[in-house]
$ cat my_file.cif   # mmCIF, C-alpha atoms
data_data
loop_
_atom_site.label_atom_id
_atom_site.label_comp_id
_atom_site.auth_asym_id
_atom_site.auth_seq_id
_atom_site.Cartn_x
_atom_site.Cartn_y
_atom_site.Cartn_z
CA MET P 1 -25.23 -17.59 -32.16
CA ALA P 2 -25.41 -18.10 -28.37
CA ILE P 3 -22.22 -20.14 -28.31
CA VAL P 4 -20.28 -17.51 -30.25
CA SER P 5 -21.55 -14.67 -27.98
CA THR P 6 -20.64 -16.56 -24.79
CA SER P 7 -17.16 -17.24 -26.10
CA ARG P 8 -16.70 -13.56 -26.98
CA TYR P 9 -17.83 -12.46 -23.49
CA SER P 10 -15.48 -14.97 -21.86
CA THR P 11 -12.55 -13.66 -23.88
CA LEU P 12 -13.30 -10.05 -22.95
CA LEU P 13 -13.69 -10.90 -19.27
CA LEU P 14 -10.41 -12.80 -19.31
CA CYS P 15 -8.65 -9.78 -20.84
CA LEU P 16 -10.10 -7.51 -18.16
CA VAL P 17 -8.99 -9.86 -15.38
CA LEU P 18 -5.47 -10.08 -16.82
CA CYS P 19 -5.27 -6.28 -16.97
CA PHE P 20 -6.53 -5.77 -13.42
CA LEU P 21 -4.48 -8.58 -11.87
CA PRO P 22 -1.03 -6.91 -12.09
CA LEU P 23 -2.40 -3.69 -10.60
CA ALA P 24 -4.19 -5.58 -7.85
CA THR P 25 -1.03 -7.47 -6.84
CA ARG P 26 1.32 -4.52 -7.25
CA THR P 27 0.25 -2.45 -4.26
CA ILE P 28 -1.37 -3.79 -1.11
CA SER P 29 -2.59 -1.44 1.58
CA SER P 30 -2.14 -3.23 4.90
CA PHE P 31 -4.16 -0.81 7.03
CA SER P 32 -5.00 2.84 7.44
CA PHE P 33 -6.48 4.52 10.51
CA SER P 34 -7.17 8.24 10.40
CA LYS P 35 -8.65 7.78 13.87
CA PHE P 36 -8.98 4.89 16.28
CA GLU P 37 -12.28 3.34 17.26
CA ASN P 38 -13.31 0.06 18.84
CA ASP P 39 -14.57 -1.98 15.89
CA LEU P 40 -13.93 -5.27 14.13
CA TYR P 41 -11.60 -3.68 11.59
CA PHE P 42 -9.36 -2.31 14.33
CA ASP P 43 -9.25 -5.61 16.22
CA SER P 44 -8.41 -7.57 13.08
CA GLN P 45 -5.48 -5.29 12.15
CA ILE P 46 -4.08 -3.86 15.38
CA ALA P 47 -3.30 -5.24 18.85
CA LEU P 48 -2.77 -3.20 22.04
CA TYR P 49 -0.33 -4.25 24.77
CA GLY P 50 0.55 -2.97 28.22
CA ASP P 51 -1.16 0.26 29.21
CA ALA P 52 -2.17 1.21 25.66
CA GLN P 53 -5.89 1.87 25.27
CA ILE P 54 -8.26 3.74 22.96
CA SER P 55 -9.30 7.19 24.16
CA GLY P 56 -12.89 8.00 23.30
CA ASN P 57 -12.39 11.74 23.71
CA ASP P 58 -10.24 12.28 20.62
CA ALA P 59 -10.33 8.80 18.97
CA SER P 60 -6.62 8.28 19.67
CA VAL P 61 -4.58 5.54 21.29
CA ARG P 62 -3.20 6.57 24.66
CA VAL P 63 0.00 4.53 24.62
CA THR P 64 1.02 5.43 28.17
CA ARG P 65 -1.21 6.34 31.08
CA PRO P 66 -0.71 9.14 33.63
CA SER P 67 0.72 6.70 36.18
CA LEU P 68 4.17 5.62 37.39
CA PRO P 69 5.62 3.81 35.60
CA SER P 70 3.67 3.21 32.40
CA PHE P 71 4.48 1.27 29.27
CA GLY P 72 2.40 0.48 26.20
CA ARG P 73 2.60 -0.36 22.53
CA ILE P 74 0.54 -0.85 19.37
CA MET P 75 1.43 -3.71 17.03
CA SER P 76 0.24 -4.99 13.69
CA ARG P 77 -1.31 -8.45 13.70
CA THR P 78 0.00 -9.42 10.25
CA PRO P 79 3.75 -9.82 9.73
CA ILE P 80 5.72 -8.36 6.83
CA THR P 81 8.00 -10.61 4.80
CA ILE P 82 10.82 -9.23 2.65
CA SER P 83 12.55 -11.94 0.64
CA PRO P 84 14.47 -11.24 -2.61
CA ARG P 85 14.46 -14.98 -3.36
CA ASN P 86 10.66 -15.07 -3.55
CA PRO P 87 9.19 -12.40 -5.88
CA THR P 88 5.68 -12.94 -4.50
CA LYS P 89 6.85 -11.77 -1.07
CA VAL P 90 9.22 -8.99 -2.12
CA VAL P 91 7.89 -5.76 -0.68
CA SER P 92 8.95 -2.29 0.23
CA PHE P 93 6.90 -0.48 2.82
CA ARG P 94 6.06 2.99 4.04
CA SER P 95 4.34 3.98 7.23
CA TYR P 96 2.84 7.24 8.42
CA PHE P 97 1.65 8.13 11.91
CA SER P 98 0.91 11.24 13.96
CA PHE P 99 1.66 11.47 17.67
CA ALA P 100 2.16 13.81 20.60
CA ILE P 101 4.49 13.48 23.60
CA SER P 102 3.63 15.50 26.68
CA PRO P 103 6.35 17.58 28.36
CA GLY P 104 8.43 15.74 30.93
CA ASN P 105 11.29 13.28 31.27
CA THR P 106 9.68 10.45 29.36
CA ASP P 107 11.53 7.96 27.21
CA GLY P 108 9.62 9.28 24.27
CA LEU P 109 8.22 7.13 21.49
CA ALA P 110 9.56 4.63 18.97
CA PHE P 111 8.50 2.99 15.72
CA PHE P 112 9.88 -0.55 15.92
CA MET P 113 10.21 -3.74 13.88
CA VAL P 114 10.31 -6.97 15.86
CA PRO P 115 11.11 -10.48 14.53
CA LYS P 116 8.13 -12.69 13.84
CA ASP P 117 9.37 -15.39 16.23
CA LEU P 118 10.02 -13.07 19.18
CA LEU P 119 7.39 -13.26 21.92
CA ALA P 120 5.49 -9.99 22.31
CA GLU P 121 5.57 -10.27 26.11
CA SER P 122 9.37 -10.02 26.08
CA LEU P 123 9.09 -6.37 25.05
CA ASN P 124 7.27 -5.36 28.24
CA HIS P 125 8.86 -2.74 30.50
CA SER P 126 11.87 -2.13 28.24
CA SER P 127 12.77 1.30 26.94
CA PHE P 128 11.01 1.64 23.58
CA GLY P 129 10.68 -2.15 23.51
CA VAL P 130 14.20 -2.38 22.03
CA LEU P 131 15.88 -5.75 22.57
CA PRO P 132 18.46 -7.75 20.60
CA GLY P 133 16.99 -8.40 17.18
CA VAL P 134 14.69 -5.35 17.26
CA VAL P 135 15.10 -2.39 14.89
CA ALA P 136 13.58 0.91 16.04
CA VAL P 137 13.40 4.57 15.08
CA GLU P 138 13.31 6.37 18.43
CA PHE P 139 12.05 9.86 19.21
CA ASP P 140 13.99 10.23 22.41
CA THR P 141 13.13 12.88 25.01
CA PHE P 142 15.46 11.61 27.74
CA GLU P 143 19.23 12.00 27.70
CA ASP P 144 20.74 8.71 28.83
CA LYS P 145 24.52 8.94 29.02
CA SER P 146 24.85 5.17 29.24
CA CYS P 147 23.25 4.96 25.78
CA LYS P 148 25.44 7.79 24.44
CA ASP P 149 22.45 10.03 23.78
CA PRO P 150 23.48 13.42 22.37
CA ASN P 151 20.64 15.27 24.17
CA ALA P 152 17.02 14.95 25.28
CA ASN P 153 15.57 15.94 21.89
CA HIS P 154 16.86 13.66 19.14
CA ILE P 155 15.80 11.01 16.62
CA GLY P 156 17.88 7.84 16.52
CA LEU P 157 18.03 4.50 14.74
CA ASP P 158 18.53 1.53 17.05
CA ILE P 159 19.51 -1.92 15.77
CA GLY P 160 19.32 -4.46 18.59
CA SER P 161 20.61 -1.94 21.13
CA LEU P 162 19.66 1.38 22.74
CA VAL P 163 22.91 2.84 21.42
CA SER P 164 21.85 4.44 18.15
CA VAL P 165 23.80 3.66 14.99
CA ALA P 166 22.59 6.97 13.53
CA TYR P 167 20.92 9.99 15.10
CA LYS P 168 19.79 13.53 14.37
CA ASP P 169 19.28 16.45 16.70
CA ALA P 170 15.63 17.47 16.33
CA SER P 171 16.50 21.02 17.35
CA GLU P 172 18.38 21.46 14.08
CA SER P 173 15.01 21.12 12.29
CA LYS P 174 13.35 23.42 14.85
CA LEU P 175 11.37 20.53 16.34
CA VAL P 176 10.61 19.85 19.99
CA LEU P 177 9.61 16.23 20.45
CA ASN P 178 7.91 16.60 23.86
CA SER P 179 6.16 19.91 23.26
CA GLY P 180 2.75 18.28 23.51
CA GLU P 181 1.97 19.37 19.95
CA ARG P 182 1.03 16.86 17.26
CA LEU P 183 3.92 15.70 15.07
CA HIS P 184 3.81 13.76 11.81
CA CYS P 185 6.25 10.99 10.93
CA TRP P 186 7.01 9.00 7.76
CA ILE P 187 9.04 5.78 7.83
CA ASP P 188 10.07 4.41 4.41
CA TYR P 189 12.02 1.32 3.42
CA ASP P 190 13.08 0.82 -0.19
CA LEU P 191 14.05 -2.69 -1.22
CA ASN P 192 16.12 -1.61 -4.23
CA SER P 193 18.46 0.67 -2.29
CA ARG P 194 18.14 -1.20 1.06
CA ARG P 195 17.56 2.15 2.75
CA LEU P 196 15.47 2.97 5.77
CA GLU P 197 14.48 6.63 6.01
CA ALA P 198 12.67 8.63 8.69
CA ARG P 199 11.05 12.04 8.24
CA LEU P 200 9.35 14.28 10.80
CA SER P 201 7.29 17.44 10.47
CA GLU P 202 4.95 19.66 12.46
CA SER P 203 2.62 19.83 9.49
CA GLY P 204 1.08 16.71 8.03
CA VAL P 205 0.16 18.39 4.76
CA VAL P 206 3.54 18.10 3.05
CA LYS P 207 6.01 15.25 3.45
CA PRO P 208 9.57 16.62 3.82
CA LEU P 209 11.87 15.90 0.89
CA ASP P 210 14.98 15.31 2.97
CA PRO P 211 14.96 12.56 5.62
CA LEU P 212 16.25 13.21 9.11
CA ILE P 213 17.74 9.72 9.14
CA SER P 214 18.78 7.59 6.16
CA TYR P 215 20.54 4.29 6.84
CA HIS P 216 21.56 1.30 4.74
CA ILE P 217 20.12 -1.94 6.14
CA ASN P 218 19.05 -5.22 4.54
CA LEU P 219 15.82 -6.11 6.30
CA SER P 220 15.50 -9.36 4.36
CA GLU P 221 18.63 -10.59 6.14
CA THR P 222 17.80 -9.00 9.50
CA PHE P 223 14.28 -10.50 9.56
CA GLY P 224 14.51 -13.69 7.56
CA ARG P 225 11.09 -15.11 8.48
CA GLY P 226 9.25 -11.80 8.70
CA PHE P 227 8.59 -9.10 11.27
CA PHE P 228 5.82 -7.14 12.96
CA VAL P 229 5.74 -3.35 13.13
CA GLY P 230 4.58 -1.31 16.08
CA ILE P 231 4.73 1.91 18.07
CA SER P 232 5.79 1.90 21.73
CA SER P 233 6.38 4.34 24.56
CA SER P 234 7.35 4.37 28.25
CA SER P 235 6.86 7.17 30.78
CA ARG P 236 9.75 6.68 33.25
CA ASN P 237 9.17 8.94 36.28
CA THR P 238 6.52 11.28 34.90
CA THR P 239 2.75 11.12 34.75
CA ARG P 240 2.60 12.64 31.29
CA ALA P 241 0.96 10.60 28.55
CA THR P 242 1.92 9.80 24.97
CA SER P 243 -0.78 9.53 22.30
CA VAL P 244 -0.97 8.25 18.71
CA TYR P 245 -3.70 9.86 16.59
CA SER P 246 -3.38 8.09 13.25
CA TRP P 247 -1.39 5.26 11.68
CA SER P 248 -1.15 3.71 8.23
CA LEU P 249 1.05 1.05 6.69
CA GLU P 250 1.37 0.39 2.96
CA LEU P 251 3.18 -2.57 1.44
CA LYS P 252 4.35 -2.46 -2.15
CA ARG P 253 5.42 -5.45 -4.21
CA ILE P 254 8.42 -4.98 -6.47
CA SER P 255 8.80 -6.96 -9.69
CA SER P 256 11.86 -9.19 -9.72
CA PHE P 257 13.27 -7.61 -12.92
CA THR P 258 13.42 -4.17 -11.25
CA HIS P 259 15.82 -5.28 -8.54
CA SER P 260 19.12 -3.48 -8.44
CA GLN P 261 22.30 -4.16 -6.57
CA PRO P 262 22.32 -2.87 -2.99
CA LEU P 263 24.08 0.40 -2.43
CA ASP P 264 27.50 0.40 -0.84
CA PRO P 265 27.17 2.21 2.51
CA ARG P 266 30.83 3.26 2.33
CA ILE P 267 30.14 5.48 -0.67
CA VAL P 268 29.58 9.07 0.42
CA VAL P 269 27.66 11.28 -1.98
CA GLN P 270 29.40 14.62 -2.36
CA GLY P 271 28.47 17.73 -4.33
CA THR P 272 25.31 18.47 -6.22
CA GLU P 273 26.10 16.78 -9.55
CA GLN P 274 25.21 13.29 -8.32
CA LYS P 275 22.05 14.65 -6.72
CA LEU P 276 20.98 16.10 -10.07
CA VAL P 277 21.67 12.77 -11.80
CA ARG P 278 19.61 10.98 -9.18
CA CYS P 279 16.75 13.45 -9.62
CA LYS P 280 16.82 12.95 -13.39
CA CYS P 281 16.78 9.17 -12.97
CA ASP P 282 13.90 9.39 -10.52
CA TYR P 283 12.03 11.67 -12.94
CA LEU P 284 12.57 9.27 -15.85
CA LEU P 285 11.49 6.28 -13.79
CA ARG P 286 8.38 8.08 -12.57
CA THR P 287 7.56 9.21 -16.10
CA LEU P 288 7.97 5.67 -17.43
CA ALA P 289 5.85 4.27 -14.61
CA GLY P 290 3.17 6.88 -15.32
CA MET P 291 3.17 6.02 -19.04
CA ILE P 292 2.84 2.29 -18.30
CA LEU P 293 0.04 2.90 -15.83
CA GLY P 294 -1.74 5.23 -18.27
CA ALA P 295 -1.48 2.65 -21.06
CA ALA P 296 -2.85 -0.07 -18.78
CA CYS P 297 -5.76 2.12 -17.68
CA GLY P 298 -6.49 3.06 -21.31
CA ALA P 299 -6.50 -0.61 -22.33
CA MET P 300 -8.86 -1.49 -19.49
CA ILE P 301 -11.26 1.31 -20.41
CA ALA P 302 -11.20 0.29 -24.08
CA LEU P 303 -11.90 -3.34 -23.23
CA LEU P 304 -14.70 -2.33 -20.90
CA VAL P 305 -16.31 -0.11 -23.56
CA LEU P 306 -15.99 -2.93 -26.11
CA PHE P 307 -17.58 -5.37 -23.67
CA VAL P 308 -20.56 -3.08 -22.97
CA TRP P 309 -20.97 -2.28 -26.68
CA SER P 310 -21.04 -5.98 -27.55
CA MET P 311 -23.75 -6.63 -24.98
CA LEU P 312 -25.90 -3.78 -26.28
CA GLU P 313 -25.33 -4.80 -29.90
CA ASN P 314 -26.51 -8.33 -29.24
CA LYS P 315 -29.63 -7.07 -27.48
CA HIS P 316 -30.69 -5.15 -30.61
CA HIS P 317 -29.83 -7.96 -33.01
CA LEU P 318 -32.66 -8.78 -35.42
CA VAL P 319 -33.81 -12.37 -35.10
CA LEU P 320 -35.38 -13.90 -38.17
CA SER P 321 -38.75 -15.49 -37.39
CA GLU P 322 -40.02 -18.54 -39.18
CA TYR P 323 -43.64 -18.44 -40.32
CA PRO P 324 -45.71 -21.57 -41.02
CA VAL P 325 -46.36 -22.37 -44.66
CA TYR P 326 -49.95 -23.24 -45.47
CA PRO P 327 -50.87 -25.27 -48.60
CA VAL P 328 -52.48 -23.27 -51.39
CA GLU P 329 -55.04 -24.95 -53.58
CA GLU P 330 -54.48 -24.18 -57.24
CA GLY P 331 -57.31 -24.46 -59.67
CA TYR P 332 -56.89 -25.17 -63.29
CA GLU P 333 -59.47 -24.00 -65.82
CA ARG P 334 -59.83 -25.84 -69.05
CA ILE P 335 -60.07 -23.53 -71.99
CA ILE P 336 -61.54 -24.90 -75.17
CA VAL P 337 -60.61 -23.04 -78.27
CA SER P 338 -63.08 -23.48 -81.13
CA GLY P 339 -62.93 -22.04 -84.55
CA ASP P 340 -65.00 -19.02 -85.26
CA LYS P 341 -67.41 -19.51 -88.12
CA GLY P 342 -67.26 -15.90 -88.99
CA THR P 343 -63.55 -16.06 -89.75
CA PRO P 344 -62.59 -16.81 -93.35
CA ASP P 345 -60.29 -19.78 -94.01
CA PRO P 346 -57.07 -18.60 -95.68
CA LYS P 347 -56.78 -21.84 -97.73
CA LYS P 348 -59.98 -21.16 -99.47
#

$ encode --input "my_file.cif" --output "structure tokens"
Amino acid sequence: MAIVSTSRYSTLLLCLVLCFLPLATRTISSFSFSKFENDLYFDSQIALYGDAQISGNDASVRVTRPSLPSFGRIMSRTPITISPRNPTKVVSFRSYFSFAISPGNTDGLAFFMVPKDLLAESLNHSSFGVLPGVVAVEFDTFEDKSCKDPNANHIGLDIGSLVSVAYKDASESKLVLNSGERLHCWIDYDLNSRRLEARLSESGVVKPLDPLISYHINLSETFGRGFFVGISSSSRNTTRATSVYSWSLELKRISSFTHSQPLDPRIVVQGTEQKLVRCKCDYLLRTLAGMILGAACGAMIALLVLFVWSMLENKHHLVLSEYPVYPVEEGYERIIVSGDKGTPDPKK
């Protein structure tokens, strides 16, 4: 009985592990800070460089100080690896952070990706920390004609150079980057489409549907051995400070059979018909993913209920007890039958 019960429990536990394992390896949250505090979790995930320091007043990171000049950055301690040839390392990522840039002629702020092999010290005292090999989404508040900046209030994508390969005037979205007010940013990279997208909003409640910048780039080729992500800022000739209030980074593994061919950047989407087709495809994919996730959760709950029921059933199992058998002495009584004299003999 005990051997059979142990085998049954082992089988149920194995089924539960196999159900939880795909979900556990599908999505990995790298880090999430709704506020910044000096603790072991912060030190193990994030590193501060230059003038960046934690402000105890509002639990933020003051990236630049009110001094001339000032430069600082926040960087992740764990690199990201995107490799289509190795399914265990294939990831897409999305990052969210909130920040504020004080009024003045500062360089602004940038979300950057730096190669794993590049020394962190080489980024010191450079505008946004952008060097050859670095990819950055800049929130530029200084118009530099040598970098072909359109104005002093734009978002740009820099690939190894301060000359942006794509940019968007923030004024068109009624945004002022150096207003001193808190802004919310979302950076997304999708491995299937090889697209890097940047969104910005004054309200952190709702993520905008349309990105301000969307650009085709293959990060697995750009950063073959992996890259670190970070946020940097420099103050130029002003004493105004730049602060980061929250930051999160989520990595998502993609199964190898879901890979699609990279999009051709020369194809320009025109009209609304293709947009509707894309929305329908996205809806079908999300519905299918929801059905698969619901089925997996249902299977896990059923297995868990079965496991608990089996344990309770075995606890209430009746166990037959063996009682000792004592010898019983049997007595035999001899009965003598004698003829009755008063009974007449039938032969007579």

$ atom_distance --input "my_file.cif" --atom1 "CA of Ala241 in chain P" --atom2 "CA of Val63 in chain P"
7.3 Å

$ resolve_selection --input "my_file.cif" --expression "the PyMOL selection byres ((chain P and resi 155-168) around 6)" --output "list in words"
Leu131, Pro132, Gly133, Val134, Val135, Ala136, Val137, Glu138, Phe139, Cys147, His154 and Asp169 of chain P

$ residues_around --input "my_file.cif" --residues "Trp247 in chain P" --least-positions-apart "5" --cutoff "9 Å" --atoms "all atoms listed in the file" --output "PyMOL selection string"
chain P and resi 31-36+95-98

$ atom_distance --input "my_file.cif" --atom1 "CA of Arg240 in chain P" --atom2 "CA of Asp188 in chain P"
29.1 Å

$ resolve_selection --input "my_file.cif" --expression "the PyMOL selection byres ((chain P and resi 47) around 12)" --output "ChimeraX atom specification"
/P:36,38,40-46,48-54,61,63,72-78,120,228-232

$ closest_residue --input "my_file.cif" --among "P:Ser102, P:Pro150, P:Ile217, P:Ser233" --to "Asp190 in chain P" --atoms "only C-alpha atoms"
P:Ile217

$ resolve_selection --input "my_file.cif" --expression "the PyMOL selection byres ((chain P and resi 226) around 7)" --output "PDB file with C-alpha atoms, in the frame of the given file"
ATOM      1  CA  PRO P  79       3.750  -9.820   9.730  1.00  0.00           C
ATOM      2  CA  ILE P  80       5.720  -8.360   6.830  1.00  0.00           C
ATOM      3  CA  THR P  81       8.000 -10.610   4.800  1.00  0.00           C
ATOM      4  CA  ILE P  82      10.820  -9.230   2.650  1.00  0.00           C
ATOM      5  CA  PRO P 115      11.110 -10.480  14.530  1.00  0.00           C
ATOM      6  CA  LYS P 116       8.130 -12.690  13.840  1.00  0.00           C
ATOM      7  CA  PHE P 223      14.280 -10.500   9.560  1.00  0.00           C
ATOM      8  CA  GLY P 224      14.510 -13.690   7.560  1.00  0.00           C
ATOM      9  CA  ARG P 225      11.090 -15.110   8.480  1.00  0.00           C
ATOM     10  CA  PHE P 227       8.590  -9.100  11.270  1.00  0.00           C
TER      11      PHE P 227
END

$ atom_distance --input "my_file.cif" --atom1 "CA of Asp144 in chain P" --atom2 "CA of Ser235 in chain P"
14.1 Å

$ closest_residue --input "my_file.cif" --among "P:Ser179, P:Ser30, P:Asn153, P:Asn57" --to "Ala100 in chain P" --atoms "all atoms listed in the file"
P:Ser179

$ closest_residue --input "my_file.cif" --among "P:Val176, P:Ile213, P:Ile187, P:Val308" --to "Ser248 in chain P" --atoms "all atoms listed in the file"
P:Ile187

$ closest_residue --input "my_file.cif" --among "P:Leu219, P:Thr239, P:Met300, P:Cys185" --to "Ser83 in chain P" --atoms "only C-alpha atoms"
P:Leu219
